[in-house]
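Listing of query_13.cif; format and content: mmCIF, C-alpha atoms.
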```
data_upload
#
loop_
_atom_site.label_atom_id
_atom_site.label_comp_id
_atom_site.auth_asym_id
_atom_site.auth_seq_id
_atom_site.Cartn_x
_atom_site.Cartn_y
_atom_site.Cartn_z
CA MET A 1 201.47 128.95 -42.53
CA PHE A 2 202.56 129.38 -46.12
CA VAL A 3 206.15 130.50 -46.56
CA PRO A 4 207.06 131.72 -50.06
CA ASN A 5 209.79 129.80 -51.88
CA LYS A 6 209.65 126.95 -49.33
CA PRO A 7 208.74 123.61 -50.94
CA LEU A 8 205.46 122.06 -49.85
CA PRO A 9 205.72 118.71 -48.06
CA VAL A 10 205.29 115.71 -50.31
CA MET A 11 202.00 113.94 -49.66
CA ASN A 12 202.25 110.20 -49.25
CA ARG A 13 199.53 109.08 -51.66
CA ARG A 14 199.26 105.56 -50.19
CA HIS A 15 198.83 106.97 -46.67
CA PHE A 16 196.16 109.38 -47.93
CA VAL A 17 194.19 106.66 -49.74
CA VAL A 18 194.38 104.15 -46.87
CA THR A 19 193.41 106.76 -44.27
CA GLY A 20 190.48 107.89 -46.40
CA LEU A 21 189.22 104.36 -46.94
CA LEU A 22 189.44 103.54 -43.24
CA ALA A 23 187.65 106.72 -42.25
CA ALA A 24 184.84 106.41 -44.81
CA PRO A 25 182.75 103.84 -42.92
CA ALA A 26 182.90 105.96 -39.78
CA ALA A 27 181.56 108.89 -41.76
CA LEU A 28 178.52 106.93 -42.95
CA ASP A 29 175.47 106.78 -40.73
CA LEU A 30 173.83 103.59 -41.99
CA ARG A 31 170.64 104.25 -40.08
CA ALA A 32 170.22 107.66 -41.72
CA ALA A 33 170.52 105.95 -45.10
CA GLY A 34 167.70 103.58 -44.15
CA LEU A 35 170.03 100.60 -43.76
CA ALA A 36 170.40 98.47 -40.68
CA ALA A 37 173.67 98.66 -38.84
CA PRO A 38 175.81 95.53 -39.13
CA PRO A 39 175.19 93.04 -36.33
CA GLU A 40 177.54 92.90 -33.38
CA ALA A 41 178.33 89.27 -34.14
CA ALA A 42 177.39 87.09 -37.09
CA PRO A 43 174.62 84.56 -36.41
CA PRO A 44 175.64 80.91 -36.52
CA ALA A 45 175.34 78.91 -39.72
CA PHE A 46 172.75 76.15 -39.80
CA VAL A 47 171.55 73.29 -42.00
CA VAL A 48 167.92 72.36 -42.62
CA PRO A 49 167.60 68.68 -43.62
CA PRO A 50 165.55 67.70 -46.69
CA ALA A 51 161.77 67.61 -46.17
CA GLN A 52 162.00 69.51 -42.88
CA SER A 53 161.36 73.03 -41.64
CA ARG A 54 163.85 75.24 -39.87
CA ALA A 55 162.20 74.71 -36.46
CA ALA A 56 161.14 71.11 -37.21
CA GLU A 57 157.54 72.32 -37.46
CA GLN A 58 155.15 71.16 -40.13
CA ILE A 59 153.07 73.82 -41.87
CA LEU A 60 150.47 72.28 -44.17
CA ILE A 61 148.60 74.52 -46.58
CA ASN A 62 145.60 72.55 -47.89
CA GLY A 63 147.54 69.34 -47.16
CA ASN A 64 150.70 70.57 -48.93
CA PRO A 65 153.93 71.00 -46.91
CA ASN A 66 155.12 74.61 -46.84
CA ASP A 67 158.40 74.35 -44.97
CA VAL A 68 160.20 77.36 -43.51
CA LYS A 69 163.82 76.89 -44.59
CA ILE A 70 165.14 80.24 -43.37
CA SER A 71 163.04 82.17 -40.88
CA GLY A 72 162.76 85.91 -40.70
CA GLN A 73 164.10 85.52 -37.15
CA ASP A 74 167.33 84.15 -38.64
CA THR A 75 167.85 87.28 -40.75
CA ALA A 76 166.58 90.05 -38.46
CA GLY A 77 163.52 90.28 -40.71
CA ALA A 78 165.45 90.79 -43.94
CA LEU A 79 164.48 87.53 -45.67
CA ALA A 80 162.40 84.37 -45.30
CA VAL A 81 162.76 81.26 -47.48
CA PHE A 82 160.12 78.54 -47.97
CA GLU A 83 159.86 75.21 -49.79
CA TYR A 84 156.39 74.31 -51.04
CA THR A 85 155.70 70.68 -51.97
CA GLY A 86 152.53 70.43 -54.04
CA ARG A 87 150.70 67.12 -53.75
CA GLY A 88 147.95 68.20 -56.11
CA LYS A 89 146.96 70.82 -58.63
CA GLY A 90 145.89 74.29 -57.50
CA GLY A 91 147.27 77.39 -55.84
CA PRO A 92 146.53 80.50 -53.78
CA SER A 93 143.95 83.23 -54.30
CA LEU A 94 144.78 86.31 -56.34
CA HIS A 95 146.57 88.66 -53.93
CA ARG A 96 149.36 91.16 -53.54
CA HIS A 97 151.99 91.74 -50.89
CA LEU A 98 152.06 95.28 -49.57
CA GLN A 99 155.67 95.29 -48.40
CA GLN A 100 157.45 92.22 -49.77
CA ASP A 101 159.02 91.25 -53.05
CA GLU A 102 158.63 87.54 -53.78
CA THR A 103 160.82 85.26 -55.90
CA PHE A 104 159.93 81.69 -56.94
CA TYR A 105 162.22 78.96 -58.28
CA VAL A 106 160.53 75.90 -59.79
CA VAL A 107 162.22 72.72 -58.55
CA GLU A 108 159.74 70.15 -59.92
CA GLY A 109 156.51 70.20 -61.92
CA ARG A 110 154.89 72.93 -64.01
CA TYR A 111 153.24 76.11 -62.77
CA LEU A 112 151.21 78.90 -64.29
CA PHE A 113 151.95 82.32 -62.76
CA VAL A 114 149.73 85.34 -63.36
CA VAL A 115 151.49 88.61 -62.52
CA GLY A 116 149.44 91.71 -63.28
CA GLU A 117 148.32 91.18 -66.90
CA GLU A 118 151.13 88.72 -67.71
CA ARG A 119 150.90 84.91 -67.75
CA HIS A 120 153.97 82.70 -67.48
CA GLU A 121 154.06 78.90 -67.61
CA LEU A 122 157.23 77.72 -65.88
CA GLY A 123 158.99 74.39 -65.47
CA PRO A 124 161.99 73.10 -63.51
CA GLY A 125 164.88 75.53 -63.28
CA ALA A 126 162.81 78.65 -64.06
CA THR A 127 162.74 81.65 -61.72
CA ILE A 128 160.15 84.40 -61.51
CA PHE A 129 160.31 87.68 -59.57
CA LEU A 130 157.06 89.19 -58.26
CA PRO A 131 157.43 92.81 -57.13
CA ARG A 132 155.50 94.06 -54.13
CA LEU A 133 152.11 95.66 -54.79
CA VAL A 134 151.63 93.77 -58.07
CA PRO A 135 148.58 91.43 -58.06
CA HIS A 136 149.60 87.82 -58.65
CA THR A 137 148.73 84.19 -58.17
CA TRP A 138 149.89 80.82 -59.41
CA THR A 139 148.56 77.33 -59.91
CA GLN A 140 150.31 73.99 -60.04
CA LEU A 141 149.55 72.36 -63.40
CA THR A 142 151.01 68.91 -62.66
CA PRO A 143 149.89 66.37 -60.04
CA ALA A 144 153.15 66.90 -58.11
CA GLY A 145 155.49 69.85 -57.88
CA LYS A 146 157.92 71.74 -55.72
CA LEU A 147 158.73 75.44 -55.38
CA LEU A 148 161.50 77.18 -53.49
CA TYR A 149 160.54 80.78 -52.80
CA TRP A 150 161.65 83.71 -50.72
CA VAL A 151 160.22 87.03 -49.60
CA GLN A 152 162.13 90.22 -48.85
CA PRO A 153 161.72 91.56 -46.25
CA ALA A 154 160.38 88.59 -44.30
CA GLY A 155 157.30 90.43 -42.98
CA GLN A 156 154.61 88.34 -41.29
CA LEU A 157 154.18 85.62 -43.91
CA GLU A 158 155.41 82.84 -41.60
CA ASP A 159 152.82 83.75 -38.97
CA TYR A 160 150.10 83.91 -41.62
CA PHE A 161 150.98 80.42 -42.89
CA ARG A 162 150.90 79.08 -39.32
CA ARG A 163 147.38 80.47 -38.89
CA ILE A 164 146.21 78.91 -42.15
CA ALA A 165 147.73 75.57 -41.15
CA THR A 166 145.66 75.55 -37.94
CA GLY A 167 142.43 76.14 -39.84
CA GLN A 168 142.40 79.89 -39.30
CA PRO A 169 141.06 82.26 -40.24
CA LYS A 170 137.47 81.10 -40.16
CA GLY A 171 134.46 83.29 -40.80
CA THR A 172 133.23 85.32 -43.71
CA PRO A 173 135.40 86.14 -46.72
CA ALA A 174 135.65 89.70 -45.38
CA GLU A 175 136.91 88.42 -42.01
CA ARG A 176 139.48 86.17 -43.69
CA ALA A 177 140.59 89.07 -45.89
CA ALA A 178 141.03 91.25 -42.78
CA VAL A 179 143.33 88.63 -41.22
CA ALA A 180 145.38 88.45 -44.42
CA LEU A 181 145.63 92.24 -44.54
CA ALA A 182 146.86 92.30 -40.94
CA HIS A 183 149.74 90.11 -42.20
CA GLY A 184 150.55 92.40 -45.16
CA ILE A 185 148.56 90.52 -47.83
CA GLU A 186 145.67 92.05 -49.73
CA GLN A 187 143.25 89.44 -51.07
CA LEU A 188 141.99 90.46 -54.54
CA GLY A 189 140.13 87.49 -56.00
CA PRO A 190 139.73 83.73 -56.28
CA PRO A 191 142.43 81.21 -57.18
CA LEU A 192 142.98 80.23 -60.79
CA PRO A 193 140.77 77.34 -61.90
CA VAL A 194 142.39 73.93 -61.53
CA GLN A 195 143.17 72.58 -64.99
CA PRO A 196 142.32 68.94 -65.76
#
```

Starting from the file, give its structure as structure tokens.
Amino acid sequence: MFVPNKPLPVMNRRHFVVTGLLAAPAALDLRAAGLAAPPEAAPPAFVVPPAQSRAAEQILINGNPNDVKISGQDTAGALAVFEYTGRGKGGPSLHRHLQQDETFYVVEGRYLFVVGEERHELGPGATIFLPRLVPHTWTQLTPAGKLLYWVQPAGQLEDYFRRIATGQPKGTPAERAAVALAHGIEQLGPPLPVQP
């Protein structure tokens, strides 16, 4: 109750700031904001040796190692990281990812990336970001090359690569496109021609 002519208590500014900062996280509902709640406990750190996959599995795409370095299972689906070692020229079909952004870092060799209407020739040390829903492809221009790339969120790309490595999907182009689409990838056209 307010008493006239009685001085108001002095507010301890430090106490007010600290209390407010400590209470703020409790006031946020991360799920309502579309963000995942922090994990109960942090997952353990791990090391993936050179020329190996996270689970010591070998995924070959047309004879080229495509190693899973960080699995979507490691990140609760937030991220997956791959290392592609190209043993020959060429690349994937024109496609787009329906739910994932993709980032490539060129470790070795030269690559031509087509992203929408843009063309980018990249060498070692270059990075390119490919937003979801944008049609893209790439081709390795040199006899040998290496890419480090990641997708966010992880989606089903690992499972799709495993299917390709086992010779799946077989069938008509429409059947193969349906399998890709079930993994969040829309096939849009052929690969870029291999350059001599």

Matched chain/residue IDs from the PyMOL selection byres ((chain A and resi 127-131) around 6), as a tab-separated table (two decimals) with C-alpha atoms, in the frame of the given file:
```
chain	number	residue	atom	x	y	z
A	101	ASP	CA	159.02	91.25	-53.05
A	102	GLU	CA	158.63	87.54	-53.78
A	103	THR	CA	160.82	85.26	-55.90
A	104	PHE	CA	159.93	81.69	-56.94
A	105	TYR	CA	162.22	78.96	-58.28
A	126	ALA	CA	162.81	78.65	-64.06
A	132	ARG	CA	155.50	94.06	-54.13
A	134	VAL	CA	151.63	93.77	-58.07
```

- request: For the file shown, report as a PyMOL selection string the outcome of the PyMOL selection byres ((chain A and resi 157) around 10) at residue level.
  value: chain A and resi 71-72+80+97+100+151+153-156+158-163+180+183-185

- request: Could you tell me which residues the PyMOL selection byres ((chain A and resi 114) around 9) returns for this structure, as a list in words?
  value: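 That expression, the PyMOL selection byres ((chain A and resi 114) around 9), corresponds here to Leu94, Leu112, Phe113, Val115, Gly116, Glu117, Glu118, Arg119, His120, Glu121, Pro135, His136, Thr137, Trp138, Thr139 and Leu192 of chain A.
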
Next, write the just-selected residues to a file, as a short mmCIF file (atom, residue, chain, number, x, y, z; two decimals), keeping the file's coordinate frame, keeping C-alpha atoms as the atom set.
```cif
data_model
loop_
_atom_site.label_atom_id
_atom_site.label_comp_id
_atom_site.auth_asym_id
_atom_site.auth_seq_id
_atom_site.Cartn_x
_atom_site.Cartn_y
_atom_site.Cartn_z
CA LEU A 94 144.78 86.31 -56.34
CA LEU A 112 151.21 78.90 -64.29
CA PHE A 113 151.95 82.32 -62.76
CA VAL A 115 151.49 88.61 -62.52
CA GLY A 116 149.44 91.71 -63.28
CA GLU A 117 148.32 91.18 -66.90
CA GLU A 118 151.13 88.72 -67.71
CA ARG A 119 150.90 84.91 -67.75
CA HIS A 120 153.97 82.70 -67.48
CA GLU A 121 154.06 78.90 -67.61
CA PRO A 135 148.58 91.43 -58.06
CA HIS A 136 149.60 87.82 -58.65
CA THR A 137 148.73 84.19 -58.17
CA TRP A 138 149.89 80.82 -59.41
CA THR A 139 148.56 77.33 -59.91
CA LEU A 192 142.98 80.23 -60.79
#
```

field: Interatomic distance (Å, one decimal) between atom CA of A:Val48 and atom CA of A:Leu122
entry: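 For atom CA of A:Val48 relative to atom CA of A:Leu122, the distance reads 26.2 Å.
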
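Minimum atom-to-atom distance to A:Tyr149, evaluated using only C-alpha atoms, belongs to A:Glu83 out of A:Glu83, A:Glu175, A:Asp74, A:Pro50.
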
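Among the candidates A:Gln73, A:Asn62, A:Gln195, A:Gln140, the one nearest to A:Gln168 when counting all atoms listed in the file is A:Asn62.
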
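Separating atom CA of A:Asp67 from atom CA of A:Ala55 is a distance of 9.3 Å.
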
field: Atomic distance atom CA of A:Leu188 - atom CA of A:Trp150, expressed in Å with one decimal
entry: 21.1 Å

With 4 Å of padding per side, what axis-aligned box (centre and edge lengths, Å, one decimal) covers all the listed atoms of stretch 180-190 of chain A? Give it as JSON.
```
{"center_x": 145.1, "center_y": 88.1, "center_z": -48.6, "size_x": 18.8, "size_y": 16.7, "size_z": 23.3}
```

If you count all atoms listed in the file, which residues fall within 7 Å of A:Val107, apart from same-chain ones fewer than 3 positions away, as a tab-separated table (two decimals) with C-alpha atoms, in the frame of the given file?
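Resulting contents of around-v6.tsv:
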```tsv
chain	number	residue	atom	x	y	z
A	124	PRO	CA	161.99	73.10	-63.51
A	125	GLY	CA	164.88	75.53	-63.28
A	146	LYS	CA	157.92	71.74	-55.72
A	147	LEU	CA	158.73	75.44	-55.38
A	148	LEU	CA	161.50	77.18	-53.49
```

task: Go through A:Leu98, A:Ala165, A:Ile70, A:Val106 and flag the residue nearest A:Gln58, using only C-alpha atoms for the distances.
output: A:Ala165

field: Best match for closeness to A:Ala76 among A:Gln99, A:Thr142, A:Gln152, A:Gln52, counting all atoms listed in the file
entry: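 So, comparing all the options, the nearest one is A:Gln152.
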
- line: In terms of only C-alpha atoms, the residue from A:Gly189, A:Pro65, A:Gly109, A:Gly123 at minimal distance from A:Lys89 is A:Gly109

Extract stretch 153-168 of chain A from the preceding block and save all heavy atoms as an mmCIF file, in the first residue's frame.
```cif
data_model
loop_
_atom_site.group_PDB
_atom_site.id
_atom_site.type_symbol
_atom_site.label_atom_id
_atom_site.label_comp_id
_atom_site.auth_asym_id
_atom_site.auth_seq_id
_atom_site.Cartn_x
_atom_site.Cartn_y
_atom_site.Cartn_z
ATOM 1 N N PRO A 153 18.083 -29.870 -42.141
ATOM 2 C CA PRO A 153 18.281 -30.976 -41.209
ATOM 3 C C PRO A 153 18.767 -32.221 -41.946
ATOM 4 O O PRO A 153 18.826 -32.244 -43.185
ATOM 5 C CB PRO A 153 16.891 -31.184 -40.615
ATOM 6 C CG PRO A 153 15.949 -30.684 -41.660
ATOM 7 C CD PRO A 153 16.666 -29.561 -42.361
ATOM 8 N N ALA A 154 19.086 -33.258 -41.194
ATOM 9 C CA ALA A 154 19.674 -34.464 -41.785
ATOM 10 C C ALA A 154 18.728 -35.152 -42.764
ATOM 11 O O ALA A 154 19.151 -35.651 -43.801
ATOM 12 C CB ALA A 154 20.088 -35.443 -40.684
ATOM 13 N N GLY A 155 17.447 -35.189 -42.470
ATOM 14 C CA GLY A 155 16.479 -35.833 -43.351
ATOM 15 C C GLY A 155 16.799 -37.304 -43.552
ATOM 16 O O GLY A 155 17.334 -37.974 -42.674
ATOM 17 N N GLN A 156 16.510 -37.811 -44.738
ATOM 18 C CA GLN A 156 16.681 -39.233 -45.040
ATOM 19 C C GLN A 156 17.776 -39.477 -46.076
ATOM 20 O O GLN A 156 17.782 -40.511 -46.748
ATOM 21 C CB GLN A 156 15.356 -39.793 -45.546
ATOM 22 C CG GLN A 156 14.236 -39.689 -44.535
ATOM 23 C CD GLN A 156 12.951 -40.240 -45.101
ATOM 24 O OE1 GLN A 156 12.934 -41.279 -45.744
ATOM 25 N NE2 GLN A 156 11.861 -39.539 -44.873
ATOM 26 N N LEU A 157 18.700 -38.546 -46.214
ATOM 27 C CA LEU A 157 19.737 -38.669 -47.231
ATOM 28 C C LEU A 157 20.647 -39.875 -46.989
ATOM 29 O O LEU A 157 21.023 -40.568 -47.929
ATOM 30 C CB LEU A 157 20.554 -37.381 -47.292
ATOM 31 C CG LEU A 157 21.300 -37.117 -48.593
ATOM 32 C CD1 LEU A 157 20.373 -37.172 -49.795
ATOM 33 C CD2 LEU A 157 21.996 -35.773 -48.542
ATOM 34 N N GLU A 158 20.981 -40.154 -45.732
ATOM 35 C CA GLU A 158 21.828 -41.321 -45.438
ATOM 36 C C GLU A 158 21.167 -42.606 -45.932
ATOM 37 O O GLU A 158 21.820 -43.444 -46.561
ATOM 38 C CB GLU A 158 22.059 -41.441 -43.937
ATOM 39 C CG GLU A 158 22.931 -40.361 -43.351
ATOM 40 C CD GLU A 158 22.962 -40.446 -41.845
ATOM 41 O OE1 GLU A 158 23.426 -41.475 -41.308
ATOM 42 O OE2 GLU A 158 22.515 -39.484 -41.191
ATOM 43 N N ASP A 159 19.893 -42.759 -45.631
ATOM 44 C CA ASP A 159 19.181 -43.967 -46.060
ATOM 45 C C ASP A 159 19.114 -44.055 -47.579
ATOM 46 O O ASP A 159 19.234 -45.141 -48.152
ATOM 47 C CB ASP A 159 17.769 -43.992 -45.473
ATOM 48 C CG ASP A 159 17.777 -44.160 -43.967
ATOM 49 O OD1 ASP A 159 18.741 -44.752 -43.434
ATOM 50 O OD2 ASP A 159 16.826 -43.702 -43.317
ATOM 51 N N TYR A 160 18.926 -42.928 -48.240
ATOM 52 C CA TYR A 160 18.885 -42.914 -49.701
ATOM 53 C C TYR A 160 20.231 -43.363 -50.284
ATOM 54 O O TYR A 160 20.282 -44.188 -51.193
ATOM 55 C CB TYR A 160 18.514 -41.523 -50.202
ATOM 56 C CG TYR A 160 18.389 -41.436 -51.704
ATOM 57 C CD1 TYR A 160 17.394 -42.137 -52.374
ATOM 58 C CD2 TYR A 160 19.264 -40.654 -52.440
ATOM 59 C CE1 TYR A 160 17.277 -42.061 -53.759
ATOM 60 C CE2 TYR A 160 19.151 -40.572 -53.820
ATOM 61 C CZ TYR A 160 18.160 -41.280 -54.472
ATOM 62 O OH TYR A 160 18.046 -41.210 -55.839
ATOM 63 N N PHE A 161 21.331 -42.847 -49.732
ATOM 64 C CA PHE A 161 22.653 -43.249 -50.205
ATOM 65 C C PHE A 161 22.885 -44.742 -49.981
ATOM 66 O O PHE A 161 23.492 -45.417 -50.821
ATOM 67 C CB PHE A 161 23.747 -42.438 -49.523
ATOM 68 C CG PHE A 161 23.810 -40.996 -49.962
ATOM 69 C CD1 PHE A 161 24.259 -40.014 -49.092
ATOM 70 C CD2 PHE A 161 23.433 -40.612 -51.239
ATOM 71 C CE1 PHE A 161 24.333 -38.687 -49.486
ATOM 72 C CE2 PHE A 161 23.495 -39.283 -51.647
ATOM 73 C CZ PHE A 161 23.951 -38.327 -50.766
ATOM 74 N N ARG A 162 22.426 -45.263 -48.872
ATOM 75 C CA ARG A 162 22.581 -46.704 -48.610
ATOM 76 C C ARG A 162 21.837 -47.523 -49.669
ATOM 77 O O ARG A 162 22.329 -48.553 -50.122
ATOM 78 C CB ARG A 162 22.080 -47.044 -47.220
ATOM 79 C CG ARG A 162 23.010 -46.586 -46.115
ATOM 80 C CD ARG A 162 22.543 -47.017 -44.734
ATOM 81 N NE ARG A 162 23.420 -46.451 -43.731
ATOM 82 C CZ ARG A 162 23.127 -45.375 -43.004
ATOM 83 N NH1 ARG A 162 21.975 -44.759 -43.156
ATOM 84 N NH2 ARG A 162 23.990 -44.921 -42.120
ATOM 85 N N ARG A 163 20.661 -47.078 -50.047
ATOM 86 C CA ARG A 163 19.895 -47.782 -51.090
ATOM 87 C C ARG A 163 20.625 -47.743 -52.425
ATOM 88 O O ARG A 163 20.719 -48.742 -53.122
ATOM 89 C CB ARG A 163 18.500 -47.185 -51.239
ATOM 90 C CG ARG A 163 17.597 -47.537 -50.072
ATOM 91 C CD ARG A 163 16.180 -47.203 -50.356
ATOM 92 N NE ARG A 163 15.632 -48.157 -51.325
ATOM 93 C CZ ARG A 163 14.350 -48.237 -51.622
ATOM 94 N NH1 ARG A 163 13.489 -47.437 -51.032
ATOM 95 N NH2 ARG A 163 13.920 -49.099 -52.507
ATOM 96 N N ILE A 164 21.149 -46.585 -52.780
ATOM 97 C CA ILE A 164 21.885 -46.462 -54.040
ATOM 98 C C ILE A 164 23.109 -47.380 -54.024
ATOM 99 O O ILE A 164 23.421 -48.043 -55.008
ATOM 100 C CB ILE A 164 22.297 -44.996 -54.291
ATOM 101 C CG1 ILE A 164 21.073 -44.136 -54.576
ATOM 102 C CG2 ILE A 164 23.283 -44.902 -55.454
ATOM 103 C CD1 ILE A 164 21.384 -42.656 -54.662
ATOM 104 N N ALA A 165 23.795 -47.432 -52.894
ATOM 105 C CA ALA A 165 25.008 -48.240 -52.792
ATOM 106 C C ALA A 165 24.726 -49.732 -52.966
ATOM 107 O O ALA A 165 25.597 -50.475 -53.390
ATOM 108 C CB ALA A 165 25.681 -47.993 -51.445
ATOM 109 N N THR A 166 23.507 -50.159 -52.666
ATOM 110 C CA THR A 166 23.158 -51.579 -52.824
ATOM 111 C C THR A 166 22.546 -51.865 -54.187
ATOM 112 O O THR A 166 22.014 -52.942 -54.415
ATOM 113 C CB THR A 166 22.177 -52.025 -51.726
ATOM 114 O OG1 THR A 166 20.972 -51.264 -51.830
ATOM 115 C CG2 THR A 166 22.788 -51.860 -50.347
ATOM 116 N N GLY A 167 22.606 -50.886 -55.080
ATOM 117 C CA GLY A 167 22.059 -51.101 -56.424
ATOM 118 C C GLY A 167 20.589 -50.757 -56.543
ATOM 119 O O GLY A 167 19.957 -51.011 -57.562
ATOM 120 N N GLN A 168 20.027 -50.163 -55.528
ATOM 121 C CA GLN A 168 18.633 -49.739 -55.555
ATOM 122 C C GLN A 168 18.600 -48.252 -55.893
ATOM 123 O O GLN A 168 19.570 -47.548 -55.636
ATOM 124 C CB GLN A 168 17.986 -49.967 -54.182
ATOM 125 C CG GLN A 168 17.982 -51.399 -53.730
ATOM 126 C CD GLN A 168 16.955 -52.230 -54.471
ATOM 127 O OE1 GLN A 168 15.932 -51.710 -54.879
ATOM 128 N NE2 GLN A 168 17.256 -53.482 -54.672
#
```
